[in-house]
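Enquirer: This is the structure I have questions about; it appears just below.
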Amino acid sequence: MEQQIEVLRGEALEAIGAVSDQPSLDAARVRFLGKSGAITTLSEGMRHVAKEDRPRFGKLLNDLRQAVTSALEAQEIRLLEKADAAAAASLDLTLPGTFPGAGTLHPLTQLMDRAVKCFRRMGFAIADGPDIETEWHCFDALNTPPDHPARNEQDTFYLPDGRLLRSHTSTVQIRVMETTPPPVRIIAPGAAYRRDEVDATHLAQFTQMEGLYVAENVSLADLKGTLEFFFRELFGPDTDLQFRPHFFPFTEPSYEIDIRTEALGNQWMELAGCGMVDPAVFEAVCERRGDRVFDPESVSGFAFGFGLDRLAMNLAKISDIRMLVENDLRFLRQF
Ligand code: PHE
């Protein structure tokens with residue numbers, strides 16, 4: 001029996017060592033360790049062994065089973081390593097990857113970000129207001145009389161309940177002063193709406209940036225200095241500005257600003273409205289607040305507003321304003 005065990009050991013170890021894939025390894029396991037495998041069969045022979053020899057042979061058989069088991073395990077690991085190495089060999093780390101296609105910001109957003117950054121450096125905070133507004137915030141509080149053409153049904157989108165889509169971001173001036181005592185120094189970028197026929201230069205929705213600075217002794221010089229600094233930051237130090245007298249119900253005096261700069265083709269371009277906050281606006285805010293912190297006798301302020309769409313278009317040489325909202329990737333990918 002001892003000899004049989006030795007023969008079987010040699011046979012098993014050789015067979016296992018020669019195995020080269022997982023199925024033959026499984027077959028070898030069944031062949032030697034299986035229910036009717038060689039080792040099991042040999043163990044059954046113990047019945048015919050003399051009682052006193054049984055412990056010795058039992059131990060030899062156990063050793064054999066263990067040797068075969070560890071040989072199977074070792075071979076299995078070797079096979080797995082071989083498979084890994086083969087997989088790694090077919091992996092070319094120098095191949096170009098698949099680019100996920102990082103997006104970029106919309107040209108309008110890029111311009112807005114630059115503008116916001118610049119005003120923040122001057123201490124302006126960002127303010128916000130609803131797109132759906134009351135007539136009072138959009139017109140009455142801004143000293144715009146009931147017969148003003150901007151209030152016309154043909155020019156503004158009215159909701160059945162009398163509210164409207166704000167036709168300018170100047171509403172945020174009122175929203176801020178209603179809740180915040182002076183000093184107030186805010187910008188308010190956002191959407192505005194007008195009942196315009198949509199064409200290459202008009203949309204029913206556009207983007208504005210409002211500004212408001214109210215404190216003691218704010219002067220027209222502050223307004224000029226702030227806007228000159230801003231537009232020169234945006235377009236370069238050789239940008240010319242022109243303040244043209246104009247009229248807005250909510251500022252007095254009022255101006256329109258034209259700028260001329262290399263980046264916009266050296267042509268005068270009408271860009272913004274601005275002026276000193278009209279005392280009537282302060283009075284409307286005081287009445288609503290029920291206090292006098294915005295008493296026009298003690299505070300003054302300037303306000304400005306400009307459209308971002310036309311500016312972004314001129315900077316990026318976009319000829320049709322509709323491209324800004326059509327979401328055509330062939331267009332957007334250029335920025
Ligand atoms: N709200 C004005 C417009 O939309 C612009 C403006 C803002 C003018 C603030 C003066 C002061 O045309």
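Here's how to read the names in the structure tokens: chain A, B, ... by the order shown, residue numbers from 1 in each chain, ligand numbers from 1 in the order shown.
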With only C-alpha atoms as the counted atoms, please give the residues lying no more than 10 Å from Arg288 (chain A), apart from itself and same-chain residues fewer than 5 positions off, as a list in words.
Expert: Ala141, Ile174, Met177, Glu178, Phe282 and Glu283 of chain A
Enquirer: Could I get the residues of chain A with an atom no further than 7 Å from an atom of ligand 1, each paired with its nearest atom pair and that distance in Å to one decimal, using only C-alpha atoms and all ligand atoms, sorted by chain and residue number, as JSON lines?
Expert:
{"residue": "A:His168", "atom": "CA", "partner": "ligand 1", "partner_atom_place_in_ligand_line": "4 (O)", "distance": 4.6}
{"residue": "A:Thr169", "atom": "CA", "partner": "ligand 1", "partner_atom_place_in_ligand_line": "1 (N)", "distance": 6.3}
{"residue": "A:Ser170", "atom": "CA", "partner": "ligand 1", "partner_atom_place_in_ligand_line": "1 (N)", "distance": 5.1}
{"residue": "A:Glu210", "atom": "CA", "partner": "ligand 1", "partner_atom_place_in_ligand_line": "7 (C)", "distance": 6.1}
{"residue": "A:Gly211", "atom": "CA", "partner": "ligand 1", "partner_atom_place_in_ligand_line": "9 (C)", "distance": 6.9}
{"residue": "A:Phe248", "atom": "CA", "partner": "ligand 1", "partner_atom_place_in_ligand_line": "10 (C)", "distance": 6.0}
{"residue": "A:Phe250", "atom": "CA", "partner": "ligand 1", "partner_atom_place_in_ligand_line": "10 (C)", "distance": 6.8}
{"residue": "A:Thr251", "atom": "CA", "partner": "ligand 1", "partner_atom_place_in_ligand_line": "10 (C)", "distance": 5.9}
{"residue": "A:Ser254", "atom": "CA", "partner": "ligand 1", "partner_atom_place_in_ligand_line": "10 (C)", "distance": 6.6}
{"residue": "A:Ala272", "atom": "CA", "partner": "ligand 1", "partner_atom_place_in_ligand_line": "5 (C)", "distance": 6.5}
{"residue": "A:Gly273", "atom": "CA", "partner": "ligand 1", "partner_atom_place_in_ligand_line": "8 (C)", "distance": 3.8}
{"residue": "A:Cys274", "atom": "CA", "partner": "ligand 1", "partner_atom_place_in_ligand_line": "10 (C)", "distance": 3.6}
{"residue": "A:Gly275", "atom": "CA", "partner": "ligand 1", "partner_atom_place_in_ligand_line": "10 (C)", "distance": 5.4}
{"residue": "A:Ala303", "atom": "CA", "partner": "ligand 1", "partner_atom_place_in_ligand_line": "11 (C)", "distance": 4.5}
{"residue": "A:Phe304", "atom": "CA", "partner": "ligand 1", "partner_atom_place_in_ligand_line": "9 (C)", "distance": 3.6}
{"residue": "A:Gly305", "atom": "CA", "partner": "ligand 1", "partner_atom_place_in_ligand_line": "7 (C)", "distance": 3.7}
{"residue": "A:Phe306", "atom": "CA", "partner": "ligand 1", "partner_atom_place_in_ligand_line": "5 (C)", "distance": 6.2}
Enquirer: From the set A:Ala12, A:Cys138, A:Cys118, A:Leu311, which residue has the shortest atom-to-atom contact distance to Ala192 (chain A), counting only C-alpha atoms?
Expert: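 The closest residue to Ala192 (chain A) is A:Cys138.
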Enquirer: Can you work out the spacing between CA of Arg47 (chain A) and CA of Leu61 (chain A) in Å, to one decimal?
Expert: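 Taking CA of Arg47 (chain A) as the start and CA of Leu61 (chain A) as the end point, the length is 13.4 Å.
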Enquirer: Identify which of the residues A:Leu42, A:Leu25, A:Asp199, A:Glu135 lies closest to Gln3 (chain A), counting only C-alpha atoms when measuring atom-to-atom distances.
Expert: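 The answer is A:Leu42, which sits nearest to Gln3 (chain A).
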Enquirer: Calculated over only C-alpha atoms, which of the candidates A:Leu308, A:Ile39, A:Leu220, A:Leu315 has the smallest distance to Gln66 (chain A)?
Expert: A:Ile39
Enquirer: So, with only C-alpha atoms as the atoms that count, which of A:Thr144, A:Ser219, A:Thr134, A:Thr180 lies closest to Gly162 (chain A)?
Expert: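 Result for the nearest residue to Gly162 (chain A): A:Thr134.
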Enquirer: For Gly307 (chain A), which of A:Tyr213, A:Trp268, A:Phe206, A:Trp136 is the closest residue, counting only C-alpha atoms?
Expert: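 Among A:Tyr213, A:Trp268, A:Phe206, A:Trp136, it is A:Phe206 that comes nearest to Gly307 (chain A).
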Enquirer: When DSSP works through the backbone of this structure, what residues of region 37-161 of chain A end up as alpha helix (DSSP H), shown as a ChimeraX atom specification?
Expert: /A:38-44,54-89,107-121,135-138
Enquirer: Record the distance separating CA of Arg292 (chain A) and CA of His148 (chain A), expressed in Å with one decimal.
Expert: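 According to the coordinates, CA of Arg292 (chain A) and CA of His148 (chain A) are separated by 27.7 Å.
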Enquirer: Report as a list in words all protein, DNA and RNA residues lying within 10 Å of Leu72 (chain A), evaluated on only C-alpha atoms, omitting residues in the same chain fewer than 2 positions from it.
Expert: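 My list of contacting residues is Ala12, Leu13, Ile16, Gly17, Val19, Leu25, Asp26, Ala28, Arg29, Gln66, Ala67, Val68, Thr69, Ser70, Ala74, Gln75, Glu76, Ile77 and Arg78 of chain A.
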Enquirer: For Met276 (chain A), work out the shell of residues within 6 Å, counting only C-alpha atoms and skipping chain neighbours fewer than 5 positions away, then give it as a ChimeraX atom specification.
Expert: /A:251-253,301-302
Enquirer: Between A:Leu159, A:Met209, A:Ala215, A:Leu264, which one has atoms that come closest to Arg185 (chain A), using only C-alpha atoms?
Expert: A:Ala215
